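Student: Please see the structure below; I have some questions.
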Amino acid sequence: RGQRISGPAPEPKGKAGGKPALAAKGKAGGKPAETDPVLDKKSGVTVSQVKAAFTPKGFDSVAERVKPSDKHGYSEIGIGLYKNGKRVGEINREFDNEDGVLLAHHSFFRLDKELRGKGASKEILRNSLDLYEKMGVKKITFQADSVGKYAWASLGFKEEEGRESLAPAFARHLRGLGLVKQAREVEEKNIAPRHIASFTIEGKSVGRSFLLSTDAPMWHAEMRVKRGDPDYEYLRDRVGAK
């Protein structure tokens, strides 16, 4: 889907002496001028800017799939992550205009297991927030699954309105543990994912265990990208954004 751009990281160009990955025509008889294609026409954000945001320190990356924004504002980019010449991850992002509101949908993210928990994911998210503000993104959406059910909850992401499922499932989980009073409180308050993630009883991380278990459903996450919003500021603080 879309335009393929490949070449050695960090810039979307071909190898020295080879054919550029994407080029504009130059003067007759001369070499074609290498270009940095614009991904989002409205903000002018280019592929190399997106690539830089999605490439943590110590990694290389290649923009493998690029679909520049169309007349409706939809665009898409797929980034391959590499470390020491080995492919170690993938990032896919889709941007769409919904009733005049630009959304960033995190359609796919993968990082090899041995590289998780070392700060790369947080760095990518931190850089992404700055990029999204530049692009005018108003909301981030994605599906939280696997270890992400806990990770995204702990960062403060909320469930999409009208698609809440975590609090009822957590209440059932607590009842299964014989914690009827706590289950009732969870139901009454319909607590947010981040509060489930930090839920403890007698020093035991009951909420974390739940979110990492099969009892916790995949959930639909969202976050408004708005400075001053308490949830967004909580997220920025958790990832170390300035």
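As shown in the structure tokens, the chain order sets the letters A, B, ...; within each chain, residues go from 1, and ligands are also counted from 1 in the order they appear.
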If you count only C-alpha atoms, which residues fall within 7 Å of segment 109-114 of chain A, apart from same-chain ones fewer than 3 positions away, as a list in words?
Tutor: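 Once the adjacent positions are removed, what remains is Val88, Gly89, Glu90, Ile91 and Asn92 of chain A.
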Student: Generate the output file for the selected residues, C-alpha atoms, as a PDB file, in the first residue's frame.
Tutor:
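Output file out.pdb is given in full below:
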```pdb
ATOM      1  CA  VAL A  88      14.334  -5.790  15.403  1.00  0.00           C
ATOM      2  CA  GLY A  89      10.988  -4.052  15.041  1.00  0.00           C
ATOM      3  CA  GLU A  90       8.298  -2.365  13.018  1.00  0.00           C
ATOM      4  CA  ILE A  91       6.155   0.722  13.446  1.00  0.00           C
ATOM      5  CA  ASN A  92       3.041   1.474  11.401  1.00  0.00           C
TER       6      ASN A  92
END
```
Student: Excluding Ala151 of chain A and any residue of its chain fewer than 2 positions from it, enumerate the residues within 12 Å of it, using only C-alpha atoms, and give them as a list in words.
Tutor: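 Residues meeting the cut-off are Arg116, Gly117, Ser121, Lys122, Ala144, Asp145, Ser146, Val147, Gly148, Lys149, Ala153, Ser154, Leu155, Gly156, Phe157, Pro193, Arg194, Ile196, Ala197, Ser198, Gly207, Arg208, Ser209, Leu211, Leu212, Ala221, Leu235, Arg238 and Val239 of chain A.
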Student: Could you give me, as a PyMOL selection string, each residue of segment 93-127 of chain A that DSSP assigns to strand (DSSP E) when run on this structure's backbone?
Tutor: chain A and resi 93-98+101-111
Student: Could you take the residues named above and write them with N, CA and C atoms, as a short mmCIF file (atom, residue, chain, number, x, y, z; two decimals), in the first residue's frame?
Tutor:
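Final output, again31.cif:
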```cif
data_model
loop_
_atom_site.label_atom_id
_atom_site.label_comp_id
_atom_site.auth_asym_id
_atom_site.auth_seq_id
_atom_site.Cartn_x
_atom_site.Cartn_y
_atom_site.Cartn_z
N ARG A 93 1.97 3.63 11.33
CA ARG A 93 1.10 4.70 11.81
C ARG A 93 0.20 5.16 10.66
N GLU A 94 -1.05 5.40 10.99
CA GLU A 94 -2.02 5.93 10.03
C GLU A 94 -2.58 7.24 10.59
N PHE A 95 -2.72 8.22 9.72
CA PHE A 95 -3.27 9.52 10.11
C PHE A 95 -4.53 9.75 9.29
N ASP A 96 -5.59 10.12 9.98
CA ASP A 96 -6.86 10.27 9.27
C ASP A 96 -7.62 11.47 9.81
N ASN A 97 -8.36 12.13 8.92
CA ASN A 97 -9.15 13.30 9.28
C ASN A 97 -10.60 12.86 9.49
N GLU A 98 -11.03 12.96 10.73
CA GLU A 98 -12.40 12.54 11.08
C GLU A 98 -13.20 13.75 11.53
N VAL A 101 -11.07 16.53 12.56
CA VAL A 101 -10.13 16.24 13.64
C VAL A 101 -9.10 15.23 13.15
N LEU A 102 -7.82 15.60 13.19
CA LEU A 102 -6.76 14.71 12.73
C LEU A 102 -6.44 13.68 13.81
N LEU A 103 -6.55 12.41 13.44
CA LEU A 103 -6.27 11.32 14.36
C LEU A 103 -4.98 10.62 13.96
N ALA A 104 -4.23 10.16 14.97
CA ALA A 104 -3.07 9.31 14.73
C ALA A 104 -3.42 7.93 15.26
N HIS A 105 -3.49 6.96 14.34
CA HIS A 105 -3.83 5.59 14.76
C HIS A 105 -2.57 4.74 14.76
N HIS A 106 -2.23 4.20 15.93
CA HIS A 106 -1.07 3.32 16.05
C HIS A 106 -1.52 1.92 15.62
N SER A 107 -1.39 1.65 14.33
CA SER A 107 -1.93 0.41 13.79
C SER A 107 -1.05 -0.80 14.07
N PHE A 108 0.26 -0.59 14.30
CA PHE A 108 1.12 -1.74 14.61
C PHE A 108 2.43 -1.26 15.22
N PHE A 109 2.89 -2.00 16.24
CA PHE A 109 4.20 -1.73 16.82
C PHE A 109 4.76 -3.05 17.34
N ARG A 110 5.98 -3.33 16.94
CA ARG A 110 6.65 -4.54 17.43
C ARG A 110 8.10 -4.22 17.72
N LEU A 111 8.60 -4.75 18.83
CA LEU A 111 10.01 -4.62 19.19
C LEU A 111 10.44 -5.96 19.77
#
```
Student: Quick check, in Å to one decimal: how far apart do atom CA of Pro168 of chain A and atom CA of Ala183 of chain A lie?
Tutor: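 Answer for the atom CA of Pro168 of chain A to atom CA of Ala183 of chain A separation: 8.7 Å.
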Student: What residues in segment 4-240 of chain A get the DSSP label helix (DSSP H, G or I)? Please answer as a ChimeraX atom specification.
Tutor: /A:47-53,113-115,120-135,148-154,166-176,180-189,193-197,206-211,230-239
Student: Restricting the calculation to only C-alpha atoms, which member of A:Thr35, A:Asn190, A:Ser61, A:Gln49 is positioned closest to Ala167 of chain A?
Tutor: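 Distance minimum relative to Ala167 of chain A lands on A:Asn190.
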